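Notes follow once the structure below has been shown.
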Amino acid sequence: EEVNLKMEAMKGLYDGQKKMYVHADGTRQIIESVQMLKRNGIHDIVVTGASNAYYVMDFLKDNDIPVLLTNVHRLPEFDEEDVDMPFKLPALLVKKGITVGLIHDGSVQSSRNLAFYAGTAAAYGLEKEEALKLVTSNPAKILGIDKTTGTLEQGKDANIVVSEGDLLDMRTNKLEYAFIRGREVTLEGKQQMLYERYKEKYKQ
């Protein structure tokens, strides 16, 4: 019997076992996507991207829709917007009562800046603890894995990073240790490996 993989992927959406993640930036995209999904019996919805979420905050709050914002370090969407709108958007949404997490846009280069996105949110309206939640406990809640990770509590996975300076400040952040499920992982990246390989060869 042939299996329709697209339809198989839909299993669990209608009984709440799975979440529907919708990438939508425009206000019309966000509203119409959520309304269409709810009309069809899907109610556990997360909006990702959401660069124009400021204009539909009431709609997101009323429908209890969490948001995963991408790329806080960007230019405003419209000429008439405040130049710092992308920086203060997380704070505006949080103060509205919307659950917000920060994610990167998929490239390896931007993933290293995730903590600094939270640092920017802290500089533009959020307390440091609230900003830290944007990359720890809030995404865990949105993803439905907060029982095992997202906060430092007994019984949860020991996913921990230790920084010599402020973890959210790109000027002072200096990672010393990282642990995934209690196991220490190496912090050496490709750039460090290449540096060690060629520093003697090209030493002057």
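Going by the structure tokens order, chains are called A, B, ..., each with residues numbered from 1, while ligands are numbered from 1 in the order shown.
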Using only C-alpha atoms, tabulate the residues of region 20-61 of chain A lying at most 9 Å from any atom of region 93-97 of chain A, each with its closest atom pair and that distance in Å to one decimal, by chain and increasing residue number, as CSV.
residue,atom,partner,partner_atom,distance
A:Ala53,CA,A:Leu93,CA,7.9
A:Tyr54,CA,A:Leu93,CA,7.1
A:Met57,CA,A:Leu93,CA,6.8
A:Asp58,CA,A:Lys96,CA,8.0
A:Lys61,CA,A:Gly97,CA,6.7
Worksheet entry | All helix (DSSP H, G or I) residues (DSSP, backbone) inside chain A, as a ChimeraX atom specification | /A:5-9,27-39,53-62,85-95,108-111,114-123,128-133,137-143,190-198
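Once Val100 (chain A) and its same-chain neighbours fewer than 4 positions away are set aside, Pro66, Val67, Leu68, Leu69, Pro90, Leu93, Val94, Lys133, Leu134, Asn138, Pro139 and Ile142 of chain A remain within 9 Å of it when counting only C-alpha atoms.
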Worksheet item: Within 7 Å of Asn173 (chain A), counting only C-alpha atoms, which residues qualify if same-chain residues fewer than 6 places away don't, as a VMD selection string?
Response: chain A and resid 163 to 167
Fill in: CA of Val135 (chain A) to CA of Leu102 (chain A), straight-line distance in Å
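Pair CA of Leu102 (chain A) / CA of Val135 (chain A) returns 5.8 Å.
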Item to complete: Enumerate the residues of region 154-200 of chain A with a DSSP assignment of strand (DSSP E), computed from the backbone, and present them as a list in words.
Response: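 The residues of region 154-200 of chain A classed as strand (DSSP E) are Ile160, Val161, Val162, Ser163, Leu175, Glu176, Tyr177, Ala178, Phe179, Ile180, Arg183 and Glu184 of chain A.
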Mind dumping the selected residues with C-alpha atoms as a PDB file, in the first residue's frame?
ATOM      1  CA  ILE A 160      24.568  24.539  30.407  1.00  0.00           C
ATOM      2  CA  VAL A 161      26.958  27.169  29.092  1.00  0.00           C
ATOM      3  CA  VAL A 162      29.447  29.041  31.260  1.00  0.00           C
ATOM      4  CA  SER A 163      30.730  32.448  30.180  1.00  0.00           C
ATOM      5  CA  LEU A 175      32.524  30.966  26.676  1.00  0.00           C
ATOM      6  CA  GLU A 176      34.542  28.760  28.985  1.00  0.00           C
ATOM      7  CA  TYR A 177      32.470  25.572  29.085  1.00  0.00           C
ATOM      8  CA  ALA A 178      29.443  24.040  27.404  1.00  0.00           C
ATOM      9  CA  PHE A 179      27.535  20.928  28.435  1.00  0.00           C
ATOM     10  CA  ILE A 180      24.809  19.027  26.598  1.00  0.00           C
ATOM     11  CA  ARG A 183      28.502  16.013  28.862  1.00  0.00           C
ATOM     12  CA  GLU A 184      31.147  18.621  28.157  1.00  0.00           C
TER      13      GLU A 184
END
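Compared by their closest atoms to Thr172 (chain A), and using only C-alpha atoms, the residues A:Lys6, A:Phe116, A:Thr148, A:Asp64 rank with A:Phe116 nearest.
Summary of the local environment: counting only C-alpha atoms, residues at most 12 Å from Ala9 (chain A), other than itself and those fewer than 4 positions away along its chain, are A:Val3, A:Asn4, A:Leu5, A:Leu13, A:Tyr14, A:Gln17, A:Lys18, A:Lys19, A:Met20.
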Discussion item. Need to verify the contact set: Gly125 (chain A), 8 Å, only C-alpha atoms, exclusion of same-chain residues closer than 2 positions in sequence. Can you return it as a count of residues only?
Written reply: 7
Item to complete: Report the distance between CA of Glu130 (chain A) and CA of Ile103 (chain A) in Å, rounded to one decimal place.
Response: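 CA of Ile103 (chain A) lies at a distance of 15.7 Å from CA of Glu130 (chain A).
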